[in-house]
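*Asks:* To be precise about what I am sending: the file is called model_25.txt and holds compact mmCIF, C-alpha atoms.
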# COMPACT_ATOMS: atom_id res chain seq x y z
CA MET A 259 0.00 0.00 0.00
CA PRO A 260 1.21 3.59 -0.60
CA THR A 261 3.00 5.26 2.29
CA PRO A 262 0.89 7.91 4.12
CA PRO A 263 1.68 11.52 3.09
CA GLY A 264 4.70 12.86 4.92
CA ALA A 265 5.86 9.46 6.12
CA SER A 266 9.15 9.74 4.25
CA ARG A 267 9.93 12.88 6.26
CA CYS A 268 9.07 11.23 9.57
CA ILE A 269 10.64 7.84 9.08
CA ALA A 270 14.22 7.08 8.07
CA LEU A 271 13.63 5.04 4.94
CA THR A 272 16.38 2.53 4.29
CA LEU A 273 17.18 0.43 1.27
CA ALA A 274 18.31 -3.07 2.15
CA LEU A 275 20.68 -4.05 -0.60
CA ALA A 276 20.53 -7.41 -2.36
CA VAL A 277 23.93 -6.98 -4.03
CA PRO A 278 26.84 -7.99 -1.77
CA ALA A 279 29.15 -5.36 -3.28
CA LEU A 280 26.68 -2.70 -2.12
CA ALA A 281 26.12 -4.17 1.30
CA SER A 282 25.94 -0.90 3.23
CA GLN A 283 22.58 0.70 3.89
CA VAL A 284 21.77 4.00 2.19
CA PRO A 285 18.87 6.31 3.14
CA PHE A 286 16.20 6.60 0.48
CA GLU A 287 16.59 10.36 0.31
CA GLN A 288 20.31 9.99 -0.40
CA ALA A 289 19.68 7.48 -3.20
CA ALA A 290 17.12 9.84 -4.74
CA ARG A 291 19.58 12.74 -4.61
CA ASP A 292 22.29 10.59 -6.18
CA LEU A 293 20.11 10.12 -9.25
CA THR A 294 20.96 13.71 -10.21
CA SER A 295 24.71 13.36 -9.63
CA SER A 296 27.07 14.42 -12.41
CA ASP A 297 29.00 11.17 -11.85
CA PRO A 298 27.52 8.30 -13.94
CA SER A 299 28.82 5.68 -11.49
CA VAL A 300 26.94 7.38 -8.64
CA ARG A 301 23.75 7.55 -10.70
CA MET A 302 24.05 3.88 -11.65
CA ARG A 303 24.61 2.85 -8.05
CA ALA A 304 21.50 4.78 -7.00
CA VAL A 305 19.40 3.17 -9.73
CA GLN A 306 20.58 -0.29 -8.71
CA LEU A 307 19.65 0.44 -5.11
CA LEU A 308 16.17 1.54 -6.08
CA LYS A 309 15.73 -1.40 -8.45
CA ALA A 310 16.68 -3.86 -5.73
CA THR A 311 14.23 -2.28 -3.29
CA PRO A 312 11.37 -0.93 -5.43
CA TYR A 313 9.85 1.52 -2.98
CA PRO A 314 6.78 3.39 -4.37
CA GLU A 315 8.29 6.82 -3.70
CA ALA A 316 11.15 5.98 -6.06
CA ALA A 317 8.95 6.12 -9.17
CA VAL A 318 9.05 9.86 -9.87
CA PRO A 319 12.77 10.36 -9.03
CA LEU A 320 13.64 7.40 -11.27
CA ALA A 321 11.74 8.98 -14.17
CA LYS A 322 14.52 11.57 -14.45
CA VAL A 323 17.12 8.94 -15.32
CA VAL A 324 14.95 6.97 -17.73
CA THR A 325 16.24 9.52 -20.26
CA ASP A 326 19.81 9.54 -18.88
CA PRO A 327 22.67 10.14 -21.39
CA GLU A 328 24.17 6.76 -20.41
CA ASP A 329 22.44 3.79 -22.06
CA GLU A 330 23.13 1.32 -19.26
CA ILE A 331 21.72 3.72 -16.69
CA GLN A 332 18.60 4.12 -18.83
CA LEU A 333 18.10 0.37 -19.07
CA ALA A 334 18.53 -0.05 -15.33
CA ALA A 335 16.12 2.80 -14.66
CA ILE A 336 13.48 1.32 -16.97
CA ALA A 337 13.77 -2.01 -15.14
CA ALA A 338 13.57 -0.22 -11.79
CA GLU A 339 10.41 1.63 -12.83
CA LEU A 340 8.76 -1.61 -13.87
CA ASN A 341 9.68 -3.28 -10.61
CA VAL A 342 7.94 -0.54 -8.62
CA PHE A 343 4.60 -1.42 -10.20
CA LEU A 344 4.77 -5.18 -10.77
CA ALA A 345 2.31 -7.26 -8.79
CA GLU A 346 5.14 -9.65 -7.93
CA GLN A 347 8.31 -7.63 -7.57
CA ILE A 348 11.56 -9.15 -8.72
CA VAL A 349 14.75 -9.37 -6.67
CA PRO A 350 17.43 -8.63 -9.31
CA ARG A 351 20.08 -10.64 -7.43
CA LYS A 352 19.83 -12.98 -4.49
CA ARG A 353 21.90 -15.67 -2.87
CA VAL A 354 20.65 -19.19 -2.45
CA GLY A 355 22.16 -20.92 0.56
CA PHE A 356 24.83 -18.16 0.72
CA ILE A 357 26.64 -19.92 -2.14
CA ILE A 358 24.91 -19.45 -5.50
CA GLU A 359 23.95 -16.03 -6.78
CA VAL A 360 20.79 -16.04 -8.89
CA ARG A 361 20.20 -13.18 -11.30
CA ASN A 362 16.62 -12.40 -12.27
CA LYS A 363 16.08 -10.20 -15.30
CA ILE A 364 13.32 -7.61 -15.30
CA SER A 365 12.03 -7.73 -18.88
CA ALA A 366 9.68 -5.06 -20.21
CA GLU A 367 8.47 -7.29 -23.05
CA THR A 368 7.65 -10.08 -20.60
CA ALA A 369 5.69 -7.70 -18.37
CA PHE A 370 3.87 -6.34 -21.42
CA SER A 371 3.00 -9.81 -22.74
CA THR A 372 1.64 -10.86 -19.35
CA GLY A 373 -1.00 -8.14 -19.64
CA PRO A 374 -2.64 -5.85 -17.08
CA THR A 375 -2.54 -8.53 -14.38
CA ALA A 376 1.26 -8.14 -14.26
CA LEU A 377 0.71 -4.90 -12.35
CA GLY A 378 -0.25 -4.29 -8.76
CA PRO A 379 -2.79 -1.68 -7.61
CA ARG A 380 -0.39 1.29 -7.44
CA PRO A 381 -1.21 4.25 -9.71
CA VAL A 382 1.47 5.04 -12.28
CA PRO A 383 2.45 8.75 -12.20
CA ALA A 384 2.20 10.68 -15.45
CA GLU A 385 5.88 11.62 -15.13
CA VAL A 386 6.85 7.95 -15.41
CA LEU A 387 4.78 7.35 -18.54
CA THR A 388 6.06 10.54 -20.16
CA ALA A 389 9.67 9.58 -19.47
CA LEU A 390 9.20 6.09 -20.91
CA ARG A 391 7.47 7.42 -24.01
CA THR A 392 10.33 9.88 -24.49
CA ALA A 393 12.95 7.15 -24.05
CA ALA A 394 11.17 5.10 -26.71
CA ARG A 395 12.58 7.61 -29.20
CA ASP A 396 16.15 6.97 -28.02
CA ASN A 397 18.89 6.49 -30.62
CA ASN A 398 19.91 3.19 -29.02
CA PRO A 399 17.51 0.53 -30.43
CA ARG A 400 17.77 -1.61 -27.30
CA VAL A 401 16.86 1.29 -25.02
CA ALA A 402 14.05 2.42 -27.31
CA LEU A 403 12.47 -1.05 -27.50
CA GLU A 404 12.69 -1.66 -23.75
CA ALA A 405 11.20 1.77 -22.99
CA LEU A 406 8.37 1.22 -25.48
CA TYR A 407 7.36 -2.11 -24.01
CA ALA A 408 7.63 -0.71 -20.48
CA PHE A 409 5.38 2.17 -21.50
CA GLY A 410 2.88 -0.29 -22.98
CA ALA A 411 2.92 -2.40 -19.83
CA LEU A 412 2.36 0.52 -17.45
CA ALA A 413 0.04 2.59 -19.63
CA SER A 414 -2.80 0.12 -19.10
CA GLU A 415 -3.15 1.32 -15.49
CA PRO A 416 -4.57 4.88 -15.75
CA THR A 417 -8.34 5.31 -15.78
CA GLY A 418 -10.77 8.22 -15.97
CA ALA A 419 -9.29 11.67 -16.59
CA ARG A 420 -5.74 10.29 -16.30
CA ARG A 421 -6.47 7.88 -19.16
CA ARG A 422 -7.98 10.61 -21.32
CA ASP A 423 -4.88 12.74 -20.82
CA LEU A 424 -2.64 9.75 -21.57
CA LEU A 425 -4.39 8.89 -24.82
CA SER A 426 -4.36 12.50 -25.96
CA ALA A 427 -0.63 12.85 -25.27
CA SER A 428 0.55 9.45 -26.52
CA GLY A 429 -1.49 9.04 -29.70
CA PRO A 430 0.63 11.28 -31.96
CA ASP A 431 3.86 9.82 -30.52
CA LEU A 432 2.81 6.24 -31.16
CA ALA A 433 1.57 7.12 -34.64
CA ALA A 434 4.97 8.63 -35.46
CA MET A 435 6.73 5.50 -34.19
CA LEU A 436 4.96 3.44 -36.86
CA GLY A 437 7.28 5.14 -39.34
CA ALA A 438 10.47 3.99 -37.59
CA PRO A 439 13.04 2.27 -39.86
CA ASP A 440 13.42 -0.82 -37.62
CA PRO A 441 10.70 -3.45 -38.35
CA ALA A 442 11.06 -4.92 -34.84
CA PHE A 443 10.35 -1.51 -33.35
CA ARG A 444 7.34 -0.96 -35.64
CA PHE A 445 6.01 -4.37 -34.59
CA ALA A 446 6.36 -3.40 -30.93
CA ALA A 447 4.70 -0.04 -31.60
CA LEU A 448 1.69 -1.80 -33.15
CA ARG A 449 1.40 -4.13 -30.15
CA VAL A 450 1.62 -1.20 -27.75
CA PHE A 451 -0.90 0.74 -29.84
CA GLY A 452 -3.41 -2.08 -29.48
CA ARG A 453 -2.84 -2.34 -25.72
CA VAL A 454 -2.92 1.37 -24.88
CA PHE A 455 -5.85 2.22 -27.15
CA GLU A 456 -7.82 -0.96 -26.51
CA LYS A 457 -11.41 0.25 -26.38
CA ARG A 458 -12.88 0.95 -22.95
CA LEU A 459 -16.37 2.04 -21.97
CA GLN A 460 -15.69 5.73 -21.35
CA ASP A 461 -13.12 6.32 -24.11
CA ASP A 462 -13.62 9.19 -26.54
CA PRO A 463 -13.44 8.40 -30.27
CA ILE A 464 -9.87 7.96 -31.48
CA GLU A 465 -8.43 10.89 -33.40
CA THR A 466 -8.48 9.99 -37.09
CA THR A 467 -4.86 10.98 -37.65
CA VAL A 468 -3.91 8.51 -34.92
CA GLY A 469 -6.18 5.64 -35.93
CA ASP A 470 -5.49 6.04 -39.63
CA ALA A 471 -1.77 5.58 -38.99
CA VAL A 472 -2.54 2.00 -37.93
CA ILE A 473 -4.68 1.46 -41.04
CA THR A 474 -1.68 2.52 -43.12
CA ALA A 475 0.37 -0.23 -41.43
CA LEU A 476 -1.90 -2.78 -43.14
CA ASN A 477 0.16 -2.00 -46.24
CA GLU A 478 3.45 -3.10 -44.66
CA ALA A 479 5.53 -5.48 -46.79
CA ASP A 480 6.15 -7.76 -43.81
CA ARG A 481 3.24 -10.12 -43.18
CA GLY A 482 3.79 -10.19 -39.42
CA LEU A 483 3.49 -6.41 -39.26
CA ARG A 484 0.24 -6.52 -41.22
CA VAL A 485 -1.19 -9.10 -38.80
CA ALA A 486 -0.11 -6.93 -35.86
CA ALA A 487 -1.81 -3.91 -37.45
CA ALA A 488 -5.05 -5.85 -37.91
CA GLU A 489 -4.91 -7.03 -34.29
CA ALA A 490 -4.35 -3.47 -33.07
CA LEU A 491 -7.29 -2.14 -35.10
CA GLY A 492 -9.52 -4.84 -33.66
CA ALA A 493 -8.47 -4.01 -30.10
CA MET A 494 -9.06 -0.31 -30.79
CA ARG A 495 -12.44 -1.10 -32.42
CA TYR A 496 -11.69 1.59 -34.93
CA PRO A 497 -14.67 1.87 -37.31
CA ARG A 498 -12.76 3.66 -40.08
CA ALA A 499 -10.73 0.45 -40.54
CA VAL A 500 -13.73 -1.67 -41.59
CA GLN A 501 -13.35 -1.24 -45.34
CA ALA A 502 -9.59 -1.85 -45.37
CA LEU A 503 -9.97 -4.95 -43.18
CA THR A 504 -12.82 -6.25 -45.33
CA ASP A 505 -10.75 -5.84 -48.48
CA LEU A 506 -7.85 -7.65 -46.85
CA PHE A 507 -10.02 -10.53 -45.70
CA GLN A 508 -11.71 -10.96 -49.06
CA TYR A 509 -8.41 -10.82 -50.94
CA TYR A 510 -6.65 -13.51 -48.86
CA ALA A 511 -9.72 -15.56 -47.81
CA LYS A 512 -7.58 -17.91 -45.72
CA GLY A 513 -4.36 -17.91 -43.71
CA ASP A 514 -3.14 -15.86 -40.78
CA LEU A 515 -3.72 -12.47 -42.38
CA ALA A 516 -7.28 -13.32 -43.37
CA ALA A 517 -7.97 -14.68 -39.87
CA ALA A 518 -6.52 -11.57 -38.19
CA SER A 519 -8.55 -9.27 -40.45
CA PHE A 520 -11.77 -11.19 -39.83
CA ASP A 521 -11.15 -11.24 -36.08
CA ALA A 522 -10.61 -7.47 -36.14
CA LEU A 523 -13.90 -7.02 -37.99
CA ALA A 524 -15.65 -9.18 -35.40
CA ARG A 525 -14.24 -7.06 -32.57
CA ILE A 526 -15.22 -3.80 -34.25
CA ALA A 527 -18.66 -5.33 -34.98
CA HIS A 528 -19.83 -2.70 -37.46
CA PRO A 529 -23.26 -3.35 -39.03
CA ALA A 530 -21.63 -3.29 -42.48
CA SER A 531 -19.87 -6.54 -41.57
CA ALA A 532 -23.08 -8.47 -40.81
CA PRO A 533 -23.27 -10.12 -44.28
CA LEU A 534 -19.68 -11.36 -43.92
CA PHE A 535 -20.46 -12.85 -40.51
CA ALA A 536 -23.64 -14.48 -41.81
CA ALA A 537 -21.76 -16.07 -44.71
CA ALA A 538 -19.00 -17.46 -42.46
CA LEU A 539 -21.61 -18.81 -40.06
CA THR A 540 -22.61 -21.46 -42.57
CA GLY A 541 -19.11 -22.08 -43.91
CA LYS A 542 -16.89 -25.09 -43.33
CA THR A 543 -14.04 -23.30 -41.55
CA SER A 544 -14.60 -23.66 -37.80
CA GLY A 545 -12.23 -20.84 -36.88
CA LEU A 546 -14.09 -18.35 -39.05
CA LYS A 547 -17.41 -19.69 -37.80
CA GLY A 548 -16.44 -19.01 -34.20
CA THR A 549 -15.26 -15.51 -35.06
CA ALA A 550 -18.45 -14.84 -37.01
CA ILE A 551 -20.50 -15.86 -33.97
CA GLU A 552 -18.53 -13.38 -31.87
CA GLY A 553 -19.18 -10.60 -34.38
CA LEU A 554 -22.91 -11.32 -34.51
CA ALA A 555 -23.04 -11.41 -30.72
CA ARG A 556 -21.38 -7.99 -30.48
CA LEU A 557 -23.79 -6.53 -33.00
CA GLY A 558 -26.44 -7.04 -30.33
CA ASP A 559 -29.28 -8.11 -32.61
CA LYS A 560 -31.22 -10.83 -30.78
CA ASN A 561 -32.64 -12.03 -34.09
CA ASN A 562 -29.19 -13.47 -34.88
CA LEU A 563 -29.40 -15.97 -32.03
CA ALA A 564 -31.55 -18.48 -33.91
CA ALA A 565 -29.12 -18.58 -36.85
CA ILE A 566 -26.20 -19.01 -34.44
CA GLN A 567 -27.88 -21.90 -32.67
CA THR A 568 -28.67 -23.57 -36.00
CA ALA A 569 -25.04 -23.22 -37.09
CA LEU A 570 -23.91 -24.86 -33.85
CA GLY A 571 -25.92 -28.00 -34.53
CA GLY A 572 -23.47 -30.93 -34.66
CA GLU A 573 -20.50 -28.64 -33.95
CA ARG A 574 -17.58 -30.42 -32.26
CA SER A 575 -15.06 -27.61 -31.88
CA GLU A 576 -14.98 -26.55 -28.25
CA GLY A 577 -13.74 -23.11 -29.21
CA VAL A 578 -16.72 -22.56 -31.50
CA LEU A 579 -19.12 -23.86 -28.85
CA LEU A 580 -17.66 -21.39 -26.37
CA ALA A 581 -18.26 -18.61 -28.89
CA GLY A 582 -21.87 -19.84 -28.95
CA ASN A 583 -22.01 -19.59 -25.15
CA PHE A 584 -20.71 -16.03 -25.42
CA ALA A 585 -23.43 -15.19 -27.94
CA ALA A 586 -26.09 -16.73 -25.71
CA VAL A 587 -24.97 -14.55 -22.79
CA MET A 588 -24.80 -11.40 -24.92
CA LEU A 589 -28.08 -11.91 -26.75
CA SER A 590 -30.29 -13.74 -24.24
CA GLN A 591 -28.70 -13.23 -20.80
CA ALA A 592 -27.83 -16.94 -20.52
CA SER A 593 -25.68 -18.22 -17.64
CA ILE A 594 -21.97 -17.37 -17.67
CA ASP A 595 -21.13 -20.73 -16.06
CA PRO A 596 -19.80 -22.40 -19.26
CA LEU A 597 -17.44 -19.45 -19.76
CA THR A 598 -16.17 -19.25 -16.19
CA ASP A 599 -15.71 -23.02 -16.11
CA ALA A 600 -13.44 -22.72 -19.18
CA LEU A 601 -11.27 -20.06 -17.49
CA LEU A 602 -9.34 -22.75 -15.65
CA ARG A 603 -8.58 -24.65 -18.87
CA PRO A 604 -5.34 -23.22 -20.34
CA LYS A 605 -6.30 -23.94 -23.95
CA PHE A 606 -9.35 -21.66 -23.79
CA ARG A 607 -8.33 -19.20 -21.09
CA ASP A 608 -7.45 -16.26 -23.36
CA GLN A 609 -10.56 -16.75 -25.47
CA VAL A 610 -13.05 -16.77 -22.60
CA TRP A 611 -11.18 -14.07 -20.66
CA GLN A 612 -11.97 -11.61 -23.47
CA TYR A 613 -15.58 -12.80 -23.55
CA LEU A 614 -16.05 -12.33 -19.82
CA VAL A 615 -14.53 -8.84 -19.76
CA GLU A 616 -17.10 -7.85 -22.39
CA VAL A 617 -19.95 -9.62 -20.62
CA ALA A 618 -19.10 -8.04 -17.26
CA SER A 619 -19.86 -4.54 -18.43
CA GLY A 620 -23.46 -3.99 -17.42
CA HIS A 621 -23.81 -7.53 -16.04
CA THR A 622 -21.59 -7.48 -12.97
CA SER A 623 -24.20 -9.15 -10.77
CA ALA A 624 -23.86 -12.30 -12.90
CA PHE A 625 -20.42 -12.82 -11.31
CA ALA A 626 -21.55 -12.73 -7.67
CA ARG A 627 -21.54 -16.51 -7.21
CA GLN A 628 -18.16 -17.03 -8.90
CA ALA A 629 -16.67 -14.31 -6.67
CA GLN A 630 -17.27 -16.70 -3.77
CA ASP A 631 -16.20 -19.90 -5.53
CA PRO A 632 -14.07 -22.32 -3.45
CA ASP A 633 -11.32 -22.17 -6.10
CA ALA A 634 -9.06 -19.20 -5.34
CA ARG A 635 -7.85 -19.08 -8.93
CA LEU A 636 -11.37 -18.45 -10.17
CA ARG A 637 -12.02 -15.82 -7.49
CA ALA A 638 -8.85 -13.97 -8.51
CA ASP A 639 -9.82 -14.16 -12.18
CA VAL A 640 -13.28 -12.81 -11.43
CA ALA A 641 -11.81 -9.87 -9.53
CA ASP A 642 -9.48 -9.00 -12.41
CA ILE A 643 -12.19 -9.41 -15.04
CA LEU A 644 -14.55 -7.14 -13.12
CA GLY A 645 -11.76 -4.61 -12.73
CA LEU A 646 -11.15 -4.59 -16.49
CA SER A 647 -14.86 -4.26 -17.27
CA GLY A 648 -14.82 -0.55 -16.48
CA ASP A 649 -18.21 -0.87 -14.78
CA PRO A 650 -18.25 0.88 -11.34
CA ALA A 651 -21.16 -1.34 -10.32
CA ALA A 652 -18.57 -4.11 -9.89
CA LEU A 653 -17.22 -2.37 -6.79
CA ALA A 654 -20.00 -3.94 -4.74
CA ILE A 655 -18.50 -7.36 -5.53
CA VAL A 656 -14.76 -6.69 -5.56
CA GLU A 657 -14.42 -4.44 -2.49
CA PRO A 658 -15.29 -7.26 -0.04
CA MET A 659 -12.83 -9.50 -1.91
CA MET A 660 -9.97 -7.29 -0.73
CA LYS A 661 -10.28 -9.17 2.58
CA ASP A 662 -10.14 -12.60 0.94
CA ARG A 663 -8.11 -15.20 2.83
CA ASP A 664 -6.04 -15.90 -0.30
CA PRO A 665 -3.38 -13.19 -0.90
CA GLN A 666 -3.60 -13.46 -4.69
CA VAL A 667 -7.35 -12.92 -4.60
CA ALA A 668 -6.93 -9.95 -2.27
CA LEU A 669 -4.28 -8.50 -4.62
CA ALA A 670 -6.51 -8.94 -7.68
CA ALA A 671 -9.39 -7.30 -5.81
CA ALA A 672 -7.23 -4.34 -4.78
CA ARG A 673 -6.12 -3.96 -8.39
CA ALA A 674 -9.75 -4.05 -9.53
CA VAL A 675 -10.87 -1.48 -6.97
CA ALA A 676 -8.07 0.87 -8.02
CA ARG A 677 -9.24 0.59 -11.65
CA LEU A 678 -12.92 1.09 -10.91
CA ARG A 679 -12.76 4.04 -8.55
Would it be possible to restate this file's structure as structure tokens?
*Replies:*
Amino acid sequence: MPTPPGASRCIALTLALAVPALASQVPFEQAARDLTSSDPSVRMRAVQLLKATPYPEAAVPLAKVVTDPEDEIQLAAIAAELNVFLAEQIVPRKRVGFIIEVRNKISAETAFSTGPTALGPRPVPAEVLTALRTAARDNNPRVALEALYAFGALASEPTGARRRDLLSASGPDLAAMLGAPDPAFRFAALRVFGRVFEKRLQDDPIETTVGDAVITALNEADRGLRVAAAEALGAMRYPRAVQALTDLFQYYAKGDLAAASFDALARIAHPASAPLFAAALTGKTSGLKGTAIEGLARLGDKNNLAAIQTALGGERSEGVLLAGNFAAVMLSQASIDPLTDALLRPKFRDQVWQYLVEVASGHTSAFARQAQDPDARLRADVADILGLSGDPAALAIVEPMMKDRDPQVALAAARAVARLR
């Protein structure tokens, strides 16, 4: 939990060092001051101290060295910033049995790929996000990529007015990054675009100059970049992309690029795509059938339910059947039990997680029983899903869960409450 205001002035904060070579104890205030030293070795030592003991008050002072002239100091500072906000903080170095030293790397890409649940409930200051976004334009490709993924990982935290400010400030920067010469960096920028601008309930429409930059990336020569662009547009639910995605899907018809384009159309769920979904519903490709069911469910027309149920007759694919369960919940308020049951099955976890986040908005009461399930893993998942729903009505369920006997459930609930308030 955050330290009460003024506590750092009343209590001598000490950093217990995990690195034997730095075995003395240094006051927090001294380490923070050392971050501004003209001596690079002093700045590096201070960053290492704060990385080893990721105290919340270190976040803003560390932001100043995320853009340090020395590359190695920048990389250490980026790792230190991440460690402040991770749900499970990493000890960079530790001794096992006083004999073997184990080094644990703090990876921005790993934190990003884990998703929003990688973070704890602490709010990320705007200064930190600004510094990381600035460092993502660094001349050193390694620094730039690490800063970009760190920004993407932490930028999922802000909500409300802080999120609106973040999107307004970061949109033009991310759009410009899509023109970078390094394909690996453009790929990362597309992934981060999709994460940061993933559509939420209260979001304003995306600025066309920002969203259209991602549409342009559909013309990339590299197939992987085109798939990443389609995935980002789907996450953003950007309606101006519908025609370009439709053209791409109809041109390729099959393969990864066609699948990514069709999935993006299903996530955007524009009425113009209804004929495409209807055609795929009766096709022989189970993957497209499942995606079509998702698109029809998101369109919200209850008249589609009968056609969906007919298409599911004799269906054996569990993934497609789960899409049918999603449609039943969205279009007829059916039970969420088949979806929550599938959460604990690794093969379908990602699929049903997305479904449940969508279902939770406006239907938080449907999760009341699962919030008290005997399985702690399910309770923790429910807390996180409700937190990501963006529906403040979920507070009535997740606030009591902060006192759950399982620490992971309590952590997930605290994270959810921080997002919903």
*Asks:* May I ask which of the residues A:Ala550, A:Ala434, A:Val386, A:Leu580 is the closest one to A:Val610, counting all atoms listed in the file?
*Replies:*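 Looking only at the distances to A:Val610, the closest residue turns out to be A:Leu580.
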*Asks:* In Å to one decimal, how far is atom CA of A:Met302 from atom CA of A:Ala334?
*Replies:*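 According to the coordinates, atom CA of A:Ala334 and atom CA of A:Met302 are separated by 7.7 Å.
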*Asks:* Could you check how far atom CA of A:Glu552 sits from atom CA of A:Leu491, in Å to one decimal?
*Replies:*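 Between atom CA of A:Glu552 and atom CA of A:Leu491 the gap works out to 16.2 Å.
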*Asks:* Measuring atom to atom with all atoms listed in the file, identify which of A:Glu330, A:Glu315, A:Lys363, A:Pro658 is nearest to A:Phe343.
*Replies:*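 Counting all atoms listed in the file, the residue closest to A:Phe343 is A:Glu315.
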*Asks:* Smallest atom-to-atom distance to A:Asp396: which of A:Ala532, A:Pro327, A:Val472, A:Gly541, using all atoms listed in the file?
*Replies:*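 Among the listed residues, the smallest separation from A:Asp396 belongs to A:Pro327.
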*Asks:* Enter the distance from atom CA of A:Ala654 to atom CA of A:Arg627, in Å, rounded to one decimal.
*Replies:*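 Value for the atom CA of A:Ala654-atom CA of A:Arg627 distance: 12.9 Å.
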*Asks:* Quick one: residues within 12 Å of A:Ile594, all atoms listed in the file counted, chain neighbours fewer than 4 positions away excluded, as a PyMOL selection string?
*Replies:* chain A and resi 580-588+590+598-601+610-611+613-618+621-628+640
*Asks:* For a quick check of understanding, using all atoms listed in the file, which of A:Met435, A:Ala366, A:Ala490, A:Leu425 has the smallest distance to A:Ile464?
*Replies:*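 Ranking A:Met435, A:Ala366, A:Ala490, A:Leu425 by distance to A:Ile464, first place goes to A:Leu425.
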*Asks:* Smallest atom-to-atom distance to A:Gly648: which of A:Arg635, A:Lys457, A:Arg498, A:Arg663, using all atoms listed in the file?
*Replies:* A:Lys457
*Asks:* Hey, what's within 9 Å of A:Ala488 if we count only C-alpha atoms and toss same-chain stuff fewer than 5 positions away? As a PyMOL selection string, please?
*Replies:* chain A and resi 472-473+475-476+483+493+499+503+515+518-523
*Asks:* Please determine, counting only C-alpha atoms, which residue among A:Ala517, A:Leu344, A:Val324, A:Val468 has the shortest atom-to-atom distance to A:Met494.
*Replies:*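 Under the stated criterion, the closest residue is A:Val468.
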*Asks:* Please provide the set of residues having any atom within 8 Å of A:Ala335, restricted to all atoms listed in the file, with same-chain residues fewer than 6 positions apart removed, written as number ranges by chain.
*Replies:* A: 305, 309, 320-321, 323-324
*Asks:* Take the point (-8.5, -4.1, -8.0) as written in the file and pick out every residue within 10 Å of it, counting all atoms listed in the file; give the list as a ChimeraX atom specification.
*Replies:* /A:375,378-380,638,641-646,653,656-657,659-660,667-679
*Asks:* Which polymer residues have any atom within 12 Å of an atom of A:Phe409, counting all atoms listed in the file, with same-chain residues fewer than 4 positions away left out, as a count of residues only?
*Replies:* 44
*Asks:* Since the input is missing atoms for stretch 547-560 of chain A, could you rebuild it with N, CA and C atoms and give the result as a PDB file, in the frame of the given file?
*Replies:*
ATOM      1  N   LYS A 547     -16.060 -19.576 -38.351  1.00  0.00           N
ATOM      2  CA  LYS A 547     -17.410 -19.690 -37.800  1.00  0.00           C
ATOM      3  C   LYS A 547     -17.459 -19.136 -36.377  1.00  0.00           C
ATOM      4  N   GLY A 548     -16.478 -19.513 -35.575  1.00  0.00           N
ATOM      5  CA  GLY A 548     -16.440 -19.010 -34.200  1.00  0.00           C
ATOM      6  C   GLY A 548     -16.310 -17.500 -34.156  1.00  0.00           C
ATOM      7  N   THR A 549     -15.446 -16.953 -35.013  1.00  0.00           N
ATOM      8  CA  THR A 549     -15.260 -15.510 -35.060  1.00  0.00           C
ATOM      9  C   THR A 549     -16.523 -14.818 -35.538  1.00  0.00           C
ATOM     10  N   ALA A 550     -17.198 -15.406 -36.514  1.00  0.00           N
ATOM     11  CA  ALA A 550     -18.450 -14.840 -37.010  1.00  0.00           C
ATOM     12  C   ALA A 550     -19.502 -14.786 -35.910  1.00  0.00           C
ATOM     13  N   ILE A 551     -19.558 -15.839 -35.095  1.00  0.00           N
ATOM     14  CA  ILE A 551     -20.500 -15.860 -33.970  1.00  0.00           C
ATOM     15  C   ILE A 551     -20.185 -14.707 -33.004  1.00  0.00           C
ATOM     16  N   GLU A 552     -18.915 -14.490 -32.741  1.00  0.00           N
ATOM     17  CA  GLU A 552     -18.530 -13.380 -31.870  1.00  0.00           C
ATOM     18  C   GLU A 552     -18.995 -12.044 -32.440  1.00  0.00           C
ATOM     19  N   GLY A 553     -18.769 -11.848 -33.754  1.00  0.00           N
ATOM     20  CA  GLY A 553     -19.180 -10.600 -34.380  1.00  0.00           C
ATOM     21  C   GLY A 553     -20.674 -10.386 -34.304  1.00  0.00           C
ATOM     22  N   LEU A 554     -21.450 -11.431 -34.579  1.00  0.00           N
ATOM     23  CA  LEU A 554     -22.910 -11.320 -34.510  1.00  0.00           C
ATOM     24  C   LEU A 554     -23.364 -11.056 -33.083  1.00  0.00           C
ATOM     25  N   ALA A 555     -22.688 -11.664 -32.114  1.00  0.00           N
ATOM     26  CA  ALA A 555     -23.040 -11.410 -30.720  1.00  0.00           C
ATOM     27  C   ALA A 555     -22.811  -9.950 -30.351  1.00  0.00           C
ATOM     28  N   ARG A 556     -21.700  -9.390 -30.812  1.00  0.00           N
ATOM     29  CA  ARG A 556     -21.380  -7.990 -30.480  1.00  0.00           C
ATOM     30  C   ARG A 556     -22.291  -7.001 -31.194  1.00  0.00           C
ATOM     31  N   LEU A 557     -22.855  -7.410 -32.320  1.00  0.00           N
ATOM     32  CA  LEU A 557     -23.790  -6.530 -33.000  1.00  0.00           C
ATOM     33  C   LEU A 557     -25.050  -6.300 -32.156  1.00  0.00           C
ATOM     34  N   GLY A 558     -25.351  -7.241 -31.282  1.00  0.00           N
ATOM     35  CA  GLY A 558     -26.440  -7.040 -30.330  1.00  0.00           C
ATOM     36  C   GLY A 558     -27.838  -7.313 -30.846  1.00  0.00           C
ATOM     37  N   ASP A 559     -27.964  -7.826 -32.046  1.00  0.00           N
ATOM     38  CA  ASP A 559     -29.280  -8.110 -32.610  1.00  0.00           C
ATOM     39  C   ASP A 559     -29.734  -9.506 -32.163  1.00  0.00           C
ATOM     40  N   LYS A 560     -30.754  -9.556 -31.333  1.00  0.00           N
ATOM     41  CA  LYS A 560     -31.220 -10.830 -30.780  1.00  0.00           C
ATOM     42  C   LYS A 560     -31.766 -11.759 -31.868  1.00  0.00           C
TER      43      LYS A 560
END
